[in-house]
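Undergrad: First, the structure itself, so that you have it in front of you.
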Amino acid sequence: MTSFVKRTCGDCTLCCKVMAIEALAKPANAWCRHCKPGRGCAIYAERPAECESFACLWLVNDLLDERWKPSRSKLVLTTSEDGIEVRCDPGFPDAWRKQPFADDIRAWAAEGETCDMTVVVIVGQRVVLVTPDREFDLGVVGPDDRIVRELEGTKVVGAAVVKESEISRGEW
Ligand code: SF4
Ligand code: SF4
């Protein structure tokens, strides 16, 4: 069973690189100007609310062992309304293919397929939808884009990126 743990970030600052911070107009995959990599935030007491409230999954979930610590794995895990997002440090774009990460990601995809949850790997601007037996390289997925899956039963047999406006117009 998952339990919530009180870990600390320690020498990890990877989310300050891979995550976008709207309040600072900081794009994803670029170090925040306030970050001292490996040491912490230079404006910690005044950091934006979105930084203050952020916690990656490794920080809170003891199912993820020390190997998953982002500074070590080069992977930052978060949840979205669709499932799990795995963000790769763009300096280590193949980190998610190493073990134990690749097998864990595949296992989450298998579990996700039974309950309509997705697992996506984000490498720079590229998004890859991972299923138990396939990868769908979806290219660049923007904030107004949505991933639409083609299902046979619960099995994902296709995936495409469409504009949210097309979905709301009923074109998908
Ligand atoms: S990626 Fe996770 S562990 Fe690393 S600094 Fe951010 S919240 Fe802390
Ligand atoms: S403001 Fe601080 S906590 Fe937020 S991204 Fe920048 S360095 Fe990280």
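Ordering of the structure tokens sets the chain letters (A, B, ...); residue numbers start at 1 within each chain; ligands are numbered from 1 in the order shown.
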With only C-alpha atoms as the counted atoms, please give the residues lying no more than 6 Å from A:Arg146, apart from itself and same-chain residues fewer than 2 positions off, as a list of chain:residue names.

TA: A:Val161, A:Val162, A:Glu164

Undergrad: Please identify all protein, DNA and RNA residues within 8 Å of ligand 1, counting only C-alpha atoms and all ligand atoms, and report them as a PDB file with N, CA and C atoms, in the first residue's frame.

TA:
ATOM      1  N   THR A   8      12.907  14.810   2.087  1.00  0.00           N
ATOM      2  CA  THR A   8      13.314  16.180   1.790  1.00  0.00           C
ATOM      3  C   THR A   8      14.035  16.184   0.449  1.00  0.00           C
ATOM      4  N   CYS A   9      14.038  17.319  -0.195  1.00  0.00           N
ATOM      5  CA  CYS A   9      14.647  17.418  -1.522  1.00  0.00           C
ATOM      6  C   CYS A   9      16.171  17.263  -1.440  1.00  0.00           C
ATOM      7  N   GLY A  10      16.771  17.700  -0.336  1.00  0.00           N
ATOM      8  CA  GLY A  10      18.225  17.583  -0.198  1.00  0.00           C
ATOM      9  C   GLY A  10      18.951  18.277  -1.344  1.00  0.00           C
ATOM     10  N   ASP A  11      19.792  17.497  -2.026  1.00  0.00           N
ATOM     11  CA  ASP A  11      20.593  18.106  -3.098  1.00  0.00           C
ATOM     12  C   ASP A  11      19.856  18.144  -4.437  1.00  0.00           C
ATOM     13  N   CYS A  12      18.584  17.774  -4.438  1.00  0.00           N
ATOM     14  CA  CYS A  12      17.843  17.761  -5.706  1.00  0.00           C
ATOM     15  C   CYS A  12      17.208  19.116  -5.976  1.00  0.00           C
ATOM     16  N   THR A  13      17.340  19.561  -7.216  1.00  0.00           N
ATOM     17  CA  THR A  13      16.664  20.794  -7.650  1.00  0.00           C
ATOM     18  C   THR A  13      16.082  20.591  -9.058  1.00  0.00           C
ATOM     19  N   LEU A  14      15.896  19.330  -9.449  1.00  0.00           N
ATOM     20  CA  LEU A  14      15.574  19.084 -10.860  1.00  0.00           C
ATOM     21  C   LEU A  14      14.243  19.688 -11.316  1.00  0.00           C
ATOM     22  N   CYS A  15      13.263  19.775 -10.403  1.00  0.00           N
ATOM     23  CA  CYS A  15      11.987  20.368 -10.838  1.00  0.00           C
ATOM     24  C   CYS A  15      12.169  21.832 -11.228  1.00  0.00           C
ATOM     25  N   CYS A  16      13.186  22.486 -10.659  1.00  0.00           N
ATOM     26  CA  CYS A  16      13.441  23.893 -11.003  1.00  0.00           C
ATOM     27  C   CYS A  16      14.021  24.027 -12.410  1.00  0.00           C
ATOM     28  N   GLY A  40      19.676  24.682  -4.069  1.00  0.00           N
ATOM     29  CA  GLY A  40      18.352  25.149  -3.663  1.00  0.00           C
ATOM     30  C   GLY A  40      17.950  26.450  -4.323  1.00  0.00           C
ATOM     31  N   PHE A  54       4.438  22.661  -4.918  1.00  0.00           N
ATOM     32  CA  PHE A  54       4.854  21.537  -5.764  1.00  0.00           C
ATOM     33  C   PHE A  54       5.558  20.451  -4.954  1.00  0.00           C
ATOM     34  N   ALA A  55       5.199  19.227  -5.226  1.00  0.00           N
ATOM     35  CA  ALA A  55       5.942  18.079  -4.678  1.00  0.00           C
ATOM     36  C   ALA A  55       5.925  16.995  -5.742  1.00  0.00           C
ATOM     37  N   CYS A  56       7.077  16.545  -6.142  1.00  0.00           N
ATOM     38  CA  CYS A  56       7.112  15.447  -7.114  1.00  0.00           C
ATOM     39  C   CYS A  56       6.702  14.161  -6.395  1.00  0.00           C
ATOM     40  N   LEU A  57       6.394  13.133  -7.155  1.00  0.00           N
ATOM     41  CA  LEU A  57       5.910  11.895  -6.539  1.00  0.00           C
ATOM     42  C   LEU A  57       6.967  11.224  -5.670  1.00  0.00           C
ATOM     43  N   TRP A  58       8.225  11.343  -6.059  1.00  0.00           N
ATOM     44  CA  TRP A  58       9.267  10.707  -5.230  1.00  0.00           C
ATOM     45  C   TRP A  58       9.267  11.287  -3.816  1.00  0.00           C
ATOM     46  N   LEU A  59       8.980  12.566  -3.738  1.00  0.00           N
ATOM     47  CA  LEU A  59       9.023  13.238  -2.438  1.00  0.00           C
ATOM     48  C   LEU A  59       7.955  12.698  -1.483  1.00  0.00           C
ATOM     49  N   LYS A  69      15.005   8.940  -6.894  1.00  0.00           N
ATOM     50  CA  LYS A  69      15.206  10.347  -6.521  1.00  0.00           C
ATOM     51  C   LYS A  69      15.590  11.133  -7.779  1.00  0.00           C
ATOM     52  N   PRO A  70      14.902  12.221  -8.081  1.00  0.00           N
ATOM     53  CA  PRO A  70      15.108  12.899  -9.365  1.00  0.00           C
ATOM     54  C   PRO A  70      16.559  13.293  -9.656  1.00  0.00           C
ATOM     55  N   SER A  71      17.289  13.718  -8.642  1.00  0.00           N
ATOM     56  CA  SER A  71      18.679  14.109  -8.902  1.00  0.00           C
ATOM     57  C   SER A  71      19.508  12.900  -9.337  1.00  0.00           C
ATOM     58  N   LEU A  75      14.733  11.968 -13.563  1.00  0.00           N
ATOM     59  CA  LEU A  75      13.319  11.887 -13.929  1.00  0.00           C
ATOM     60  C   LEU A  75      12.478  12.513 -12.831  1.00  0.00           C
ATOM     61  N   VAL A  76      11.555  13.383 -13.206  1.00  0.00           N
ATOM     62  CA  VAL A  76      10.631  13.989 -12.248  1.00  0.00           C
ATOM     63  C   VAL A  76       9.242  13.437 -12.542  1.00  0.00           C
ATOM     64  N   LEU A  77       8.637  12.818 -11.550  1.00  0.00           N
ATOM     65  CA  LEU A  77       7.310  12.226 -11.715  1.00  0.00           C
ATOM     66  C   LEU A  77       6.242  13.116 -11.108  1.00  0.00           C
TER      67      LEU A  77
END

Undergrad: Using only C-alpha atoms, which of the listed residues (A:Gly124, A:Pro132, A:Gly83, A:Gly91) sits closest to A:Ala107?

TA: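 Closest to A:Ala107 of all the choices is A:Pro132.
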
Undergrad: Where does DSSP see helix (DSSP H, G or I) in stretch 24-126 of chain A, if you list the residues as an MDAnalysis selection string?

TA: chainID A and resid 24 44:46 49:52 57:60 66:68 70:73 95:97 101:114

Undergrad: Return as number ranges by chain every polymer residue, whether protein, DNA or RNA, with at least one atom no more than 10 Å from an atom of ligand 2; count only C-alpha atoms and all ligand atoms.

TA: A: 13-24, 26, 28, 30-37, 39-54

Undergrad: Kindly give the distance, in Å, that separates atom CA of A:Ser73 and atom CA of A:Phe101, rounded to a single decimal.

TA: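 According to the coordinates, atom CA of A:Ser73 and atom CA of A:Phe101 are separated by 8.1 Å.
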